[in-house]
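K.L.:
Pasting coords-v1.pdb here (PDB, C-alpha atoms):
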```
ATOM      1  CA  MET A   5      16.791   9.930  21.956
ATOM      2  CA  ASP A   6      15.790  13.288  20.452
ATOM      3  CA  VAL A   7      13.198  13.047  17.734
ATOM      4  CA  ASP A   8      11.467  15.600  15.588
ATOM      5  CA  ALA A   9       7.841  14.690  15.003
ATOM      6  CA  ARG A  10       4.995  15.885  12.864
ATOM      7  CA  ILE A  11       1.578  15.250  14.376
ATOM      8  CA  TYR A  12      -1.482  15.307  12.118
ATOM      9  CA  SER A  13      -5.027  15.980  13.175
ATOM     10  CA  ASP A  14      -8.190  16.627  11.213
ATOM     11  CA  SER A  15      -8.997  19.618  13.407
ATOM     12  CA  ILE A  16      -6.884  21.283  16.076
ATOM     13  CA  LYS A  17      -8.195  24.815  16.076
ATOM     14  CA  LYS A  18      -9.473  24.431  19.613
ATOM     15  CA  GLY A  19      -9.942  21.888  22.324
ATOM     16  CA  TYR A  20      -7.795  19.044  23.546
ATOM     17  CA  ALA A  21      -5.470  18.780  20.558
ATOM     18  CA  GLN A  22      -4.429  22.414  20.941
ATOM     19  CA  ILE A  23      -3.709  21.784  24.615
ATOM     20  CA  MET A  24      -1.721  18.656  23.696
ATOM     21  CA  ALA A  25       0.326  20.619  21.191
ATOM     22  CA  SER A  26       1.050  23.324  23.751
ATOM     23  CA  MET A  27       2.390  20.692  26.192
ATOM     24  CA  LEU A  28       5.182  19.823  23.764
ATOM     25  CA  ASN A  29       8.335  21.878  24.082
ATOM     26  CA  ASN A  30       9.394  23.803  20.997
ATOM     27  CA  SER A  31       6.225  23.127  19.022
ATOM     28  CA  ILE A  32       3.972  24.981  16.636
ATOM     29  CA  THR A  33       0.475  24.297  15.351
ATOM     30  CA  VAL A  34      -0.200  25.221  11.722
ATOM     31  CA  PRO A  35      -3.044  24.772   9.262
ATOM     32  CA  TYR A  36      -2.099  22.535   6.357
ATOM     33  CA  TYR A  37      -2.115  25.390   3.829
ATOM     34  CA  ASN A  38       0.702  27.127   5.766
ATOM     35  CA  ILE A  39       3.089  24.179   6.159
ATOM     36  CA  LYS A  40       5.374  25.449   3.420
ATOM     37  CA  LEU A  41       5.615  28.865   5.081
ATOM     38  CA  ILE A  42       7.304  27.719   8.286
ATOM     39  CA  ASP A  43      10.838  26.555   8.859
ATOM     40  CA  ILE A  44      10.177  22.973   9.950
ATOM     41  CA  ASN A  45      13.740  22.680  11.228
ATOM     42  CA  ALA A  46      13.069  25.402  13.784
ATOM     43  CA  TYR A  47      10.681  23.185  15.767
ATOM     44  CA  ASP A  48      10.943  19.788  17.404
ATOM     45  CA  TYR A  49       7.225  19.178  16.931
ATOM     46  CA  VAL A  50       4.925  20.489  14.246
ATOM     47  CA  CYS A  51       1.221  19.816  14.773
ATOM     48  CA  VAL A  52      -0.558  20.104  11.432
ATOM     49  CA  ASP A  53      -4.284  20.760  11.233
ATOM     50  CA  ILE A  54      -5.240  19.105   7.947
ATOM     51  CA  GLU A  55      -8.727  20.618   8.289
ATOM     52  CA  THR A  56     -10.719  17.666   7.025
ATOM     53  CA  ARG A  57     -13.068  16.777   9.865
ATOM     54  CA  ASN A  58     -16.145  17.592   7.770
ATOM     55  CA  ALA A  59     -14.632  16.819   4.364
ATOM     56  CA  ASP A  60     -15.534  13.858   2.204
ATOM     57  CA  VAL A  61     -13.336  10.761   2.400
ATOM     58  CA  GLN A  62     -11.424  11.345  -0.849
ATOM     59  CA  LYS A  63     -10.549  14.938   0.016
ATOM     60  CA  SER A  64      -9.406  13.770   3.453
ATOM     61  CA  ILE A  65      -7.177  11.063   1.969
ATOM     62  CA  ASP A  66      -5.734  13.408  -0.665
ATOM     63  CA  ARG A  67      -4.898  16.089   1.875
ATOM     64  CA  PHE A  68      -3.434  13.548   4.310
ATOM     65  CA  LYS A  69      -1.225  12.089   1.547
ATOM     66  CA  MET A  70      -0.072  15.564   0.515
ATOM     67  CA  VAL A  71       1.030  16.398   4.034
ATOM     68  CA  LEU A  72       2.685  12.986   4.466
ATOM     69  CA  LYS A  73       4.645  13.588   1.273
ATOM     70  CA  PHE A  74       5.745  17.029   2.460
ATOM     71  CA  TYR A  75       7.089  15.570   5.732
ATOM     72  CA  CYS A  76       8.318  12.274   4.245
ATOM     73  CA  ASN A  77      11.635  12.211   6.167
ATOM     74  CA  GLU A  78      10.160  13.008   9.578
ATOM     75  CA  THR A  79       8.636  10.967  12.374
ATOM     76  CA  ILE A  80       4.909  11.098  11.661
ATOM     77  CA  LEU A  81       2.182  10.626  14.266
ATOM     78  CA  LEU A  82      -1.604  10.784  13.954
ATOM     79  CA  ARG A  83      -3.925  12.385  16.488
ATOM     80  CA  ILE A  84      -7.572  11.336  16.316
ATOM     81  CA  ASP A  85     -10.578  13.181  17.650
ATOM     82  CA  SER A  86     -11.552  11.803  21.065
ATOM     83  CA  ALA A  87     -15.222  11.736  20.034
ATOM     84  CA  LEU A  88     -14.176   9.760  16.927
ATOM     85  CA  ARG A  89     -15.422  12.394  14.483
ATOM     86  CA  GLY A  90     -13.957  12.774  11.031
ATOM     87  CA  ASN A  91     -12.628  10.233   8.544
ATOM     88  CA  ILE A  92     -10.676   8.136  11.032
ATOM     89  CA  LYS A  93     -10.957   4.917   9.033
ATOM     90  CA  ALA A  94      -9.506   6.618   5.930
ATOM     91  CA  TYR A  95      -6.644   8.155   7.933
ATOM     92  CA  LEU A  96      -5.843   4.828   9.563
ATOM     93  CA  MET A  97      -5.845   3.127   6.157
ATOM     94  CA  GLU A  98      -3.149   5.528   4.930
ATOM     95  CA  PHE A  99      -1.267   5.775   8.216
ATOM     96  CA  SER A 100      -1.067   1.995   8.619
ATOM     97  CA  LYS A 101       1.041   1.851   5.444
ATOM     98  CA  MET A 102       3.824   3.342   7.577
ATOM     99  CA  GLY A 103       3.876   0.454  10.045
ATOM    100  CA  LYS A 104       2.157  -1.156  13.010
ATOM    101  CA  ILE A 105      -0.282   0.987  14.970
ATOM    102  CA  ILE A 106      -1.458   0.885  18.559
ATOM    103  CA  ILE A 107      -4.612   2.886  19.243
ATOM    104  CA  THR A 108      -6.421   3.889  22.418
ATOM    105  CA  ASP A 109      -9.004   6.592  23.069
ATOM    106  CA  THR A 110      -8.564   7.549  26.710
ATOM    107  CA  ILE A 111      -8.598  10.934  28.417
ATOM    108  CA  PRO A 112      -8.666  10.223  32.160
ATOM    109  CA  GLU A 113      -9.711  13.715  33.273
ATOM    110  CA  TYR A 114     -12.739  13.540  30.944
ATOM    111  CA  GLY A 115     -13.730  10.098  32.247
ATOM    112  CA  ARG A 116     -13.128   8.693  28.740
ATOM    113  CA  TYR A 117     -11.552   5.233  28.623
ATOM    114  CA  THR A 118     -10.975   2.307  26.264
ATOM    115  CA  GLU A 119     -12.009  -1.241  27.126
ATOM    116  CA  ASP A 120     -12.860  -4.324  25.039
ATOM    117  CA  LYS A 121     -12.160  -2.367  21.814
ATOM    118  CA  LYS A 122     -14.750   0.265  22.770
ATOM    119  CA  THR A 123     -14.540   3.874  23.908
ATOM    120  CA  PHE A 124     -16.662   4.643  26.955
ATOM    121  CA  TYR A 125     -17.739   8.150  27.890
ATOM    122  CA  ARG A 126     -20.627   9.388  30.044
ATOM    123  CA  GLY A 127     -22.369   6.029  30.106
ATOM    124  CA  ASP A 128     -22.259   5.600  26.325
ATOM    125  CA  PHE A 129     -19.778   3.762  24.117
ATOM    126  CA  LYS A 130     -18.537   3.549  20.531
ATOM    127  CA  ASN A 131     -17.051   0.412  19.051
ATOM    128  CA  LEU A 132     -13.517   1.249  17.878
ATOM    129  CA  MET A 133     -13.623  -1.714  15.481
ATOM    130  CA  ASP A 134     -16.024   0.356  13.342
ATOM    131  CA  PHE A 135     -13.086   2.696  12.644
ATOM    132  CA  ILE A 136     -10.410   0.093  11.908
ATOM    133  CA  PRO A 137      -9.772  -0.765   8.241
ATOM    134  CA  GLU A 138      -9.680  -4.478   7.430
ATOM    135  CA  ASN A 139      -6.399  -6.315   6.940
ATOM    136  CA  ARG A 140      -4.290  -3.735   8.756
ATOM    137  CA  ASN A 141      -1.818  -4.270  11.566
ATOM    138  CA  ILE A 142      -3.701  -2.163  14.123
ATOM    139  CA  THR A 143      -4.041  -3.097  17.784
ATOM    140  CA  ILE A 144      -6.598  -1.509  20.103
ATOM    141  CA  MET A 145      -5.365  -1.437  23.701
ATOM    142  CA  ASP A 146      -7.411  -0.962  26.877
ATOM    143  CA  SER A 147      -6.596   2.028  29.061
ATOM    144  CA  ARG A 148      -8.256   3.916  31.889
ATOM    145  CA  ASN A 149      -5.557   6.095  33.420
ATOM    146  CA  TYR A 150      -2.194   7.738  32.851
ATOM    147  CA  ASN A 151      -0.311   4.663  34.053
ATOM    148  CA  ASP A 152      -2.082   2.538  31.418
ATOM    149  CA  ILE A 153      -1.230   5.122  28.765
ATOM    150  CA  LYS A 154       2.413   5.110  29.850
ATOM    151  CA  MET A 155       2.497   1.301  29.574
ATOM    152  CA  ILE A 156       1.039   1.556  26.045
ATOM    153  CA  ALA A 157       3.678   4.149  25.093
ATOM    154  CA  TYR A 158       6.410   1.749  26.215
ATOM    155  CA  GLU A 159       4.708  -1.037  24.233
ATOM    156  CA  CYS A 160       4.807   1.195  21.148
ATOM    157  CA  VAL A 161       8.543   1.697  21.612
ATOM    158  CA  LYS A 162       9.165  -1.998  22.340
ATOM    159  CA  THR A 163       7.232  -3.208  19.269
ATOM    160  CA  GLY A 164       8.108  -0.332  16.940
ATOM    161  CA  SER A 165       4.434   0.602  16.699
ATOM    162  CA  LEU A 166       3.055   4.073  16.012
ATOM    163  CA  PRO A 167       0.733   5.510  18.682
ATOM    164  CA  VAL A 168      -2.673   6.884  17.681
ATOM    165  CA  ASP A 169      -4.948   8.594  20.191
ATOM    166  CA  PRO A 170      -6.459  11.992  21.102
ATOM    167  CA  GLY A 171      -3.028  13.175  22.274
ATOM    168  CA  ILE A 172      -1.990  11.867  25.684
ATOM    169  CA  LEU A 173      -0.439   8.667  24.333
ATOM    170  CA  ILE A 174       1.378  10.632  21.630
ATOM    171  CA  LYS A 175       2.810  13.083  24.174
ATOM    172  CA  THR A 176       3.865  10.231  26.482
ATOM    173  CA  TYR A 177       5.440   8.335  23.585
ATOM    174  CA  LEU A 178       7.415  11.419  22.543
ATOM    175  CA  THR A 179       8.798  11.829  26.052
ATOM    176  CA  ILE A 180      10.223   8.298  26.147
ATOM    177  CA  ILE A 181      11.635   7.777  22.650
TER
END
```
For the file at hand, write its structure as structure tokens.
P.N.:
Amino acid sequence: MDVDARIYSDSIKKGYAQIMASMLNNSITVPYYNIKLIDINAYDYVCVDIETRNADVQKSIDRFKMVLKFYCNETILLRIDSALRGNIKAYLMEFSKMGKIIITDTIPEYGRYTEDKKTFYRGDFKNLMDFIPENRNITIMDSRNYNDIKMIAYECVKTGSLPVDPGILIKTYLTII
């Protein structure tokens, strides 16, 4: 099935999110203040940098809602920072209003993986539960490699869940729906 998708990130000026966006055919990455300047119908995928990584929670929520409203009839996906920076809990609170979410934080080539609801990287870990709003239908799934990520993408399709990750799960999901 062909699907147009809008992928939101709090910062995609450089790094992995930009690479993820470039892996999608017929895509463009735009800062939030330019979304009205592009022809959204000209692209299959629009990656929107909402530029809120260092913003306060309310500004982040307001900007996220504004962009969601602008793309209200599109498939919406959320990319999180792999180091879990930014207002992830606030984004997930808003994003979870759209449906069930499956989240993982794995980038195999970086040695980053998700296990027991924690992200492990370079011998350290962060508890993903610290970023999950209460009373939301959000599932954290373990993953270590691309095969695990592919299985999670199929689980998203099977359960009608929205994928949230640093980008690999989103890209995989978009290739199978």
K.L.:
Running the PyMOL selection byres ((chain A and resi 66) around 12) on this model by hand, what would come out? Give it as a VMD selection string.
P.N.:
chain A and resid 54 to 56 59 to 65 67 to 73 91 94 to 95 98
K.L.:
Which one of A:Asp134, A:Thr79, A:Ile84, A:Tyr125 sits closest to Ile181 in chain A if you count all atoms listed in the file?
P.N.:
A:Thr79
K.L.:
Could you state the separation of CA of Ile153 in chain A and CA of Ile39 in chain A in Å, given to one decimal place?
P.N.:
29.9 Å
K.L.:
If you count all atoms listed in the file, which residues fall within 9 Å of Leu88 in chain A, apart from same-chain ones fewer than 5 positions away, as number ranges by chain?
P.N.:
A: 109, 130, 132, 135
K.L.:
Apply the PyMOL selection byres ((chain A and resi 124) around 12) to the displayed file and report the matching residues as a list in words.
P.N.:
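Taken over the shown coordinates, the PyMOL selection byres ((chain A and resi 124) around 12) returns Ser86, Ala87, Leu88, Thr108, Asp109, Thr110, Ile111, Pro112, Tyr114, Gly115, Arg116, Tyr117, Thr118, Glu119, Asp120, Lys121, Lys122, Thr123, Tyr125, Arg126, Gly127, Asp128, Phe129, Lys130, Asn131, Leu132, Asp146, Ser147 and Arg148 of chain A.
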K.L.:
Taking every listed atom of range 117-125 of chain A and adding 3 Å to each side, what centre and edge lengths in Å (one decimal) does the axis-aligned box have, as AutoDock Vina command-line options?
P.N.:
```
--center_x -14.4 --center_y 1.9 --center_z 25.2 --size_x 12.8 --size_y 18.5 --size_z 12.8
```
K.L.:
Write out as a PyMOL selection string each polymer residue whose atoms come within 10 Å of Leu166 in chain A, counting all atoms listed in the file; drop sequence neighbours fewer than 6 positions from it.
P.N.:
chain A and resi 79-82+99-100+102-107+142+157+159-160+174+177
K.L.:
Kindly give the distance, in Å, that separates CA of Ile44 in chain A and CA of Ile11 in chain A, rounded to a single decimal.
P.N.:
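Rounded to one decimal, the two atoms are 12.4 Å apart.
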K.L.:
For CA of Asp43 in chain A and CA of Asp169 in chain A, determine how far apart the two atoms are, in Å to one decimal place.
P.N.:
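Spanning CA of Asp43 in chain A to CA of Asp169 in chain A is a straight-line distance of 26.5 Å.
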K.L.:
Measuring atom to atom with only C-alpha atoms, identify which of A:Lys175, A:Ile156, A:Glu78, A:Tyr12 is nearest to Thr143 in chain A.
P.N.:
A:Ile156
K.L.:
Name the residues that the PyMOL selection byres ((chain A and resi 49) around 9) pulls out of this structure, and write them as a PDB file with C-alpha atoms, keeping the file's coordinate frame.
P.N.:
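New file selection.pdb:
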```pdb
ATOM      1  CA  VAL A   7      13.198  13.047  17.734  1.00  0.00           C
ATOM      2  CA  ASP A   8      11.467  15.600  15.588  1.00  0.00           C
ATOM      3  CA  ALA A   9       7.841  14.690  15.003  1.00  0.00           C
ATOM      4  CA  ARG A  10       4.995  15.885  12.864  1.00  0.00           C
ATOM      5  CA  ILE A  11       1.578  15.250  14.376  1.00  0.00           C
ATOM      6  CA  ALA A  25       0.326  20.619  21.191  1.00  0.00           C
ATOM      7  CA  LEU A  28       5.182  19.823  23.764  1.00  0.00           C
ATOM      8  CA  ASN A  29       8.335  21.878  24.082  1.00  0.00           C
ATOM      9  CA  ASN A  30       9.394  23.803  20.997  1.00  0.00           C
ATOM     10  CA  SER A  31       6.225  23.127  19.022  1.00  0.00           C
ATOM     11  CA  ILE A  32       3.972  24.981  16.636  1.00  0.00           C
ATOM     12  CA  THR A  33       0.475  24.297  15.351  1.00  0.00           C
ATOM     13  CA  ILE A  44      10.177  22.973   9.950  1.00  0.00           C
ATOM     14  CA  TYR A  47      10.681  23.185  15.767  1.00  0.00           C
ATOM     15  CA  ASP A  48      10.943  19.788  17.404  1.00  0.00           C
ATOM     16  CA  VAL A  50       4.925  20.489  14.246  1.00  0.00           C
ATOM     17  CA  CYS A  51       1.221  19.816  14.773  1.00  0.00           C
TER      18      CYS A  51
END
```
K.L.:
Which one is closest to Asp53 in chain A: A:Gly164, A:Pro35, A:Gly171, A:Gly90? Count all atoms listed in the file.
P.N.:
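That would be A:Pro35, the residue with the smallest distance to Asp53 in chain A.
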K.L.:
Taking into account only C-alpha atoms, which residue in the set A:Leu96, A:Asp85, A:Arg140, A:Tyr36 is nearest to Ile172 in chain A?
P.N.:
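Under the stated criterion, the closest residue is A:Asp85.
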K.L.:
Using only C-alpha atoms, which of A:Val168, A:Asn141, A:Met133, A:Ile180 sits nearest Lys154 in chain A?
P.N.:
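Ranked by minimum distance to Lys154 in chain A, first place goes to A:Ile180.
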